[in-house]
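Report on the structure given below.
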Amino acid sequence: MNKMENREREAGGRLFTVLEEDGATRARLGVLRLGHGDVLTPVFMPVGTNAAVKAVSHRDLEEIGFDLILGNTYHVYLRPGLDVIRGFGGLHGFSSWNRNILTDSGGFQVFSLAPFRKIREEGVSFRSHIDGSSHLFTPEAVVEAQHVLGSDIMMPLDVCTPPGITRGEALSALETTTAWARRSKKTWLGLGPGAGKLFGIIQGNFFEDLRGRSAQEILELDLPGIAIGGLSVGESPDAFRGLLAGTARMLPKEKPRYVMGIGTPGYILDAVENGIDMFDCVFPTRIARNGCLFTGTGRLVLKRAENHGADLPPDPGCGCPVCKRYSIGYLRHLFKAGEILGPMLATYHNLYYMKSFLDKVRESIKNHSFAGFKKDFLSAQSGER
RNA sequence: GUGGAUGUAGCUCAAUGGUGGAGUCCAAGAUUGUGAUUCUUGUUGUUGCGGGUUCAAGUCCCGUCAUCCACC
């Protein structure tokens with residue numbers, strides 16, 4: 001038994017254990033022990049909004065090797081409704097997924113999708129983006145909803161804000177987020193030890209001192225994990241990096257750290273470098289559906305005319321079944337022809353790419369060579385990252 | 001053969017006698033706690049052809065060609 005396995009075993013019942021630290025950077029390798037199995041970190045979580053990761057099957061996700069995916073309280077609450085999910089014993093039974101699920105609270109979705117939202121002390125009222133019906137999310141109801149969903153990790157209702165708001169507005173959102181986190185914790189404690197783990201979410205918009213205050217207030221609650229929210233909402237990459245580094249430094253080492261809503265490989269490298277353990281993002285799957293693939297040398301836009309008839313694998317260095325079987329020219333044809341197989345194959349590849357990318361990230365941390373890995377990775381990317 | 005209808009962007013179609021547009025296609029870009037079929041931007045014209053009327057014609061008139069429909 002090697003050193004890593006030993007330390008993993010010693011982790012016992014703890015939710016999170018750091019197995020290895022890079023040393024030169026703040027990057028670390030860890031393991032999350034969740035209700036549906038262990039998850040090695042840093043980890044990328046595909047987003048399965050409607051109890052499905054768009055364009056791929058659960059069998060595909062298992063085949064690629066994902067053991068933690070996202071679900072959305074907001075979406076499945078609206079459709080099919082919590083009663084239906086309850087009838088199946090939760091999201092796992094409903095979607096036939098036996099590995100872990102993290103559910104988002106709906107705070108971001110109300111912010112980004114629902115019209116006519118109104119935030120009050122009690123909670124947030126909003127209109128459904130599907131049928132316009134009126135609803136109220138309170139912190140208590142959202143924790144209870146995620147308990148019905150059977151989430152392995154649940155997120156509290158928070159107030160997510162866009163860049164460019166005033167300090168006063170940011171402060172108000174932060175205070176509401178903290179108050180809601182306290183109420184969420186109280187409800188969560190009432191669920192008993194079998195419930196999923198509740199994380200805290202740090203807000204504070206793009207004001208460094210407010211981020212600090214939010215971090216302090218959320219950390220005081222001593223929840224199992226900490227998320228950095230309110231990033232990747234339209235700010236510049238520099239603003240993202242600066243705020244991420246500042247916020248991450250305030251977080252305790254022993255807890256899993258989760259940056260919500262990223263990312264691209266480049267963003268993930270920045271986050272890992274700052275000691276972040278978890279990420280989720282629609283980006284890899286969304287751009288896949290629009291015909292864009294991640295490759296070892298940058299993004300490949302399949303629909304470009306230059307790819308017409310190209311008899312080459314999409315990413316020569318990729319071992320995924322799509323790259324081994326199909327040509328760029330064929331994939332381009334599928335997109336130009338509007339065939340559903342195009343988005344399916346592209347999504348499979350991008351998820352495979354993200355999974356193997358994070359495998360390599362963890363390997364480099366284990367070897368204490370993360371900085372070199374990051375540098376080599378970025379220099380190999382000819383275009384955007 | 002007779003009667004009628006229609007000819008406008010590659011395609012499907014708009015446009016009171018007054019600077020020829022839209023959708024689609026094609027091309028480029030966007031996308032970060034979800035948006036497949038989305039968004040943004042761009043290229044594309046001897047208005048079938050030839051005359052005439054008019055200050056001005058895709059539009060009105062004549063001829064001609066093509067296509068479609070109906071009827072002998």
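Labels for the structure tokens follow display order: chains A, B, ..., residues from 1 in each chain, ligands from 1.
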
Point to revise | Counting only C-alpha atoms (C1' of nucleotides), chain A residues within 6 Å of chain B, as JSON, numbers by chain | key: {"A": [108, 232, 260, 261, 262, 263, 281, 282, 283, 289]}

Exercise for review: Please run DSSP on the backbone and report, as a list in words, all residues within range 31-81 of chain A that come out as alpha helix (DSSP H).
Suggested key: His58, Arg59, Asp60, Leu61, Glu62, Glu63, Ile64, Thr73, Tyr74, His75, Val76, Tyr77 and Leu78 of chain A

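With only C-alpha atoms (C1' of nucleotides) as the atoms that count, the residue of B:G21, B:G3, B:G45, B:G10 with the shortest distance to C69 in chain B is B:G3.
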
Run DSSP on the backbone and tell me which residues of range 118-218 of chain A come out as strand (DSSP E or B); list them as a PDB file with N, CA and C atoms, in the first residue's frame.
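This went into result_20.pdb:
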```pdb
ATOM      1  N   LYS A 118     -37.822  39.270  -7.019  1.00  0.00           N
ATOM      2  CA  LYS A 118     -37.812  40.278  -5.966  1.00  0.00           C
ATOM      3  C   LYS A 118     -37.220  39.659  -4.723  1.00  0.00           C
ATOM      4  N   ILE A 119     -36.130  40.276  -4.235  1.00  0.00           N
ATOM      5  CA  ILE A 119     -35.442  39.718  -3.077  1.00  0.00           C
ATOM      6  C   ILE A 119     -35.915  40.432  -1.820  1.00  0.00           C
ATOM      7  N   VAL A 124     -36.671  34.844  -1.942  1.00  0.00           N
ATOM      8  CA  VAL A 124     -36.773  35.486  -3.250  1.00  0.00           C
ATOM      9  C   VAL A 124     -38.033  34.994  -3.957  1.00  0.00           C
ATOM     10  N   SER A 125     -38.842  35.966  -4.411  1.00  0.00           N
ATOM     11  CA  SER A 125     -40.005  35.604  -5.209  1.00  0.00           C
ATOM     12  C   SER A 125     -39.654  35.840  -6.667  1.00  0.00           C
ATOM     13  N   PHE A 126     -40.173  34.999  -7.519  1.00  0.00           N
ATOM     14  CA  PHE A 126     -39.806  35.081  -8.942  1.00  0.00           C
ATOM     15  C   PHE A 126     -40.895  34.444  -9.777  1.00  0.00           C
ATOM     16  N   ARG A 127     -40.797  34.704 -11.067  1.00  0.00           N
ATOM     17  CA  ARG A 127     -41.712  34.077 -12.021  1.00  0.00           C
ATOM     18  C   ARG A 127     -40.936  33.014 -12.773  1.00  0.00           C
ATOM     19  N   SER A 134     -45.835  32.182 -10.495  1.00  0.00           N
ATOM     20  CA  SER A 134     -45.135  32.831  -9.378  1.00  0.00           C
ATOM     21  C   SER A 134     -44.681  31.818  -8.336  1.00  0.00           C
ATOM     22  N   HIS A 135     -43.487  32.046  -7.800  1.00  0.00           N
ATOM     23  CA  HIS A 135     -42.937  31.144  -6.795  1.00  0.00           C
ATOM     24  C   HIS A 135     -42.140  31.915  -5.760  1.00  0.00           C
ATOM     25  N   LEU A 136     -41.975  31.287  -4.584  1.00  0.00           N
ATOM     26  CA  LEU A 136     -41.159  31.873  -3.535  1.00  0.00           C
ATOM     27  C   LEU A 136     -40.136  30.842  -3.068  1.00  0.00           C
ATOM     28  N   PHE A 137     -38.856  31.207  -3.131  1.00  0.00           N
ATOM     29  CA  PHE A 137     -37.800  30.367  -2.559  1.00  0.00           C
ATOM     30  C   PHE A 137     -37.357  31.008  -1.252  1.00  0.00           C
ATOM     31  N   ILE A 153     -24.203  16.907  -2.038  1.00  0.00           N
ATOM     32  CA  ILE A 153     -23.775  18.225  -1.573  1.00  0.00           C
ATOM     33  C   ILE A 153     -24.870  19.208  -1.939  1.00  0.00           C
ATOM     34  N   MET A 154     -25.302  20.010  -0.978  1.00  0.00           N
ATOM     35  CA  MET A 154     -26.336  21.002  -1.261  1.00  0.00           C
ATOM     36  C   MET A 154     -25.801  22.409  -1.024  1.00  0.00           C
ATOM     37  N   LYS A 197     -24.191  17.159   2.428  1.00  0.00           N
ATOM     38  CA  LYS A 197     -23.375  18.183   3.075  1.00  0.00           C
ATOM     39  C   LYS A 197     -23.744  19.563   2.552  1.00  0.00           C
ATOM     40  N   LEU A 198     -23.928  20.494   3.476  1.00  0.00           N
ATOM     41  CA  LEU A 198     -24.258  21.870   3.089  1.00  0.00           C
ATOM     42  C   LEU A 198     -22.983  22.715   3.032  1.00  0.00           C
ATOM     43  N   PHE A 199     -22.787  23.382   1.899  1.00  0.00           N
ATOM     44  CA  PHE A 199     -21.653  24.292   1.742  1.00  0.00           C
ATOM     45  C   PHE A 199     -22.103  25.723   2.007  1.00  0.00           C
ATOM     46  N   GLY A 200     -21.164  26.579   2.358  1.00  0.00           N
ATOM     47  CA  GLY A 200     -21.447  28.010   2.433  1.00  0.00           C
ATOM     48  C   GLY A 200     -21.022  28.681   1.140  1.00  0.00           C
ATOM     49  N   ILE A 201     -21.626  29.816   0.831  1.00  0.00           N
ATOM     50  CA  ILE A 201     -21.244  30.545  -0.386  1.00  0.00           C
ATOM     51  C   ILE A 201     -20.806  31.966  -0.028  1.00  0.00           C
ATOM     52  N   ILE A 202     -19.602  32.303  -0.466  1.00  0.00           N
ATOM     53  CA  ILE A 202     -19.080  33.649  -0.240  1.00  0.00           C
ATOM     54  C   ILE A 202     -19.503  34.564  -1.384  1.00  0.00           C
TER      55      ILE A 202
END
```

Point to revise | Long-range neighbours of Val143 in chain A as number ranges by chain, 12 Å cut-off, only C-alpha atoms (C1' of nucleotides), 4 positions minimum in chain | key: A: 73-74, 103-107, 137-139, 147-151, 153-158, 180-191, 195-199

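Near Glu306 in chain A, within 12 Å and counting only C-alpha atoms (C1' of nucleotides), sit Leu300, Ile328, Gly329 and Arg332 of chain A; A27 of chain B; same-chain residues fewer than 6 positions away were not included.
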
Exercise for review: With a distance cut-off of 10 Å and only C-alpha atoms (C1' of nucleotides), select the neighbouring residues of U8 in chain B, excluding the residue or stretch itself and same-chain residues fewer than 5 positions from it, and output the selection as a list in words.
Suggested key: C13, A14, A15, G20, G45, U47 and G58 of chain B

What would the file look like if the residues just selected were written as a short mmCIF file (atom, residue, chain, number, x, y, z; two decimals), in the first residue's frame with N, CA and C atoms (P, O5', C5', C4', C3', O3' and C1' of nucleotides)?
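The resulting result.cif:
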```cif
data_model
loop_
_atom_site.label_atom_id
_atom_site.label_comp_id
_atom_site.auth_asym_id
_atom_site.auth_seq_id
_atom_site.Cartn_x
_atom_site.Cartn_y
_atom_site.Cartn_z
P C B 13 -42.38 30.51 -53.25
"O5'" C B 13 -42.62 31.70 -52.22
"C5'" C B 13 -42.78 33.03 -52.68
"C4'" C B 13 -42.62 33.94 -51.50
"C3'" C B 13 -42.97 35.40 -51.76
"O3'" C B 13 -44.36 35.62 -51.65
"C1'" C B 13 -40.90 35.26 -50.60
P A B 14 -44.99 36.97 -52.24
"O5'" A B 14 -44.60 38.00 -51.11
"C5'" A B 14 -44.12 39.27 -51.45
"C4'" A B 14 -43.82 40.05 -50.20
"C3'" A B 14 -43.92 41.57 -50.39
"O3'" A B 14 -45.22 42.04 -50.19
"C1'" A B 14 -41.83 41.02 -49.43
P A B 15 -45.91 42.99 -51.31
"O5'" A B 15 -44.93 44.24 -51.34
"C5'" A B 15 -44.83 45.11 -50.20
"C4'" A B 15 -43.68 46.08 -50.40
"C3'" A B 15 -43.78 46.93 -51.67
"O3'" A B 15 -44.56 48.09 -51.48
"C1'" A B 15 -41.63 45.97 -51.51
P G B 20 -33.05 51.68 -54.92
"O5'" G B 20 -33.92 50.88 -53.87
"C5'" G B 20 -33.30 49.95 -53.00
"C4'" G B 20 -34.32 48.89 -52.65
"C3'" G B 20 -33.75 47.71 -51.88
"O3'" G B 20 -33.87 47.93 -50.49
"C1'" G B 20 -34.93 46.95 -53.80
P G B 45 -24.51 41.31 -55.90
"O5'" G B 45 -25.36 40.88 -57.18
"C5'" G B 45 -26.14 39.71 -57.17
"C4'" G B 45 -27.48 39.98 -57.80
"C3'" G B 45 -27.51 41.06 -58.87
"O3'" G B 45 -28.30 40.63 -59.97
"C1'" G B 45 -29.11 41.56 -57.19
P U B 47 -31.88 44.49 -62.64
"O5'" U B 47 -32.59 43.15 -62.16
"C5'" U B 47 -33.58 42.52 -62.96
"C4'" U B 47 -34.61 41.82 -62.11
"C3'" U B 47 -36.03 41.93 -62.66
"O3'" U B 47 -36.70 40.71 -62.39
"C1'" U B 47 -35.97 42.79 -60.47
P G B 58 -37.20 49.81 -61.81
"O5'" G B 58 -37.63 48.35 -61.32
"C5'" G B 58 -37.69 47.27 -62.25
"C4'" G B 58 -38.63 46.21 -61.76
"C3'" G B 58 -40.12 46.59 -61.86
"O3'" G B 58 -40.64 46.27 -63.13
"C1'" G B 58 -39.64 45.75 -59.70
#
```

Which neighbours of range 168-174 of chain A fall inside 6 Å, counting only C-alpha atoms (C1' of nucleotides), when residues of the same chain fewer than 3 positions from it are skipped, and could you give them as a CSV table (one decimal) with C-alpha atoms, in the first residue's frame?
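This is the output file around-v5.csv:
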```csv
chain,number,residue,atom,x,y,z
A,159,VAL,CA,-27.9,36.5,-3.7
A,177,THR,CA,-26.6,35.9,1.7
A,203,GLN,CA,-20.4,36.7,-2.1
A,204,GLY,CA,-19.4,40.4,-1.9
A,205,ASN,CA,-19.4,41.2,-5.6
```

Revision key, fill the gap. What separates CA of Gly212 in chain A and CA of Thr264 in chain A is a distance of 25.7 Å

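Every protein, DNA or RNA residue with an atom at most 12 Å from Trp97 in chain A, where only C-alpha atoms (C1' of nucleotides) count and chain neighbours fewer than 5 positions away do not, is listed here: His36, Gly48, Ala51, Ala52, Val53, Ser57, His58, Arg59, Asp60, Leu61, Glu62, Phe66, Asp67, Leu68, Ile69, Leu70, Gly71, Phe88, Gly90, Leu91, His92, Gly150 and Ser151 of chain A.
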
Print the selection's residues with C-alpha atoms to a file, as a PDB file, in the first residue's frame.
```pdb
ATOM      1  CA  HIS A  36     -22.205   7.862  -3.320  1.00  0.00           C
ATOM      2  CA  GLY A  48     -26.850  18.426 -15.415  1.00  0.00           C
ATOM      3  CA  ALA A  51     -31.381  15.977 -14.146  1.00  0.00           C
ATOM      4  CA  ALA A  52     -29.435  15.370 -17.350  1.00  0.00           C
ATOM      5  CA  VAL A  53     -26.111  16.504 -18.737  1.00  0.00           C
ATOM      6  CA  SER A  57     -26.225   9.630 -21.332  1.00  0.00           C
ATOM      7  CA  HIS A  58     -25.468   8.658 -17.751  1.00  0.00           C
ATOM      8  CA  ARG A  59     -23.720   5.615 -19.179  1.00  0.00           C
ATOM      9  CA  ASP A  60     -21.410   7.988 -21.091  1.00  0.00           C
ATOM     10  CA  LEU A  61     -20.660   9.904 -17.886  1.00  0.00           C
ATOM     11  CA  GLU A  62     -19.807   6.660 -16.086  1.00  0.00           C
ATOM     12  CA  PHE A  66     -17.228  11.232 -13.638  1.00  0.00           C
ATOM     13  CA  ASP A  67     -18.273  10.507 -10.088  1.00  0.00           C
ATOM     14  CA  LEU A  68     -19.817  13.878  -9.213  1.00  0.00           C
ATOM     15  CA  ILE A  69     -22.212  15.884 -11.372  1.00  0.00           C
ATOM     16  CA  LEU A  70     -24.467  18.886 -10.825  1.00  0.00           C
ATOM     17  CA  GLY A  71     -28.217  19.172 -10.709  1.00  0.00           C
ATOM     18  CA  PHE A  88     -38.520   8.111  -7.207  1.00  0.00           C
ATOM     19  CA  GLY A  90     -34.624  11.456  -5.171  1.00  0.00           C
ATOM     20  CA  LEU A  91     -32.637  12.507  -8.217  1.00  0.00           C
ATOM     21  CA  HIS A  92     -30.425   9.422  -8.107  1.00  0.00           C
ATOM     22  CA  GLY A 150     -31.172  13.434  -2.168  1.00  0.00           C
ATOM     23  CA  SER A 151     -28.226  15.694  -2.984  1.00  0.00           C
TER      24      SER A 151
END
```

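Proximity of B:G4, B:A30, B:G17, B:G23 to A56 in chain B, computed with only C-alpha atoms (C1' of nucleotides), is greatest for B:G17.
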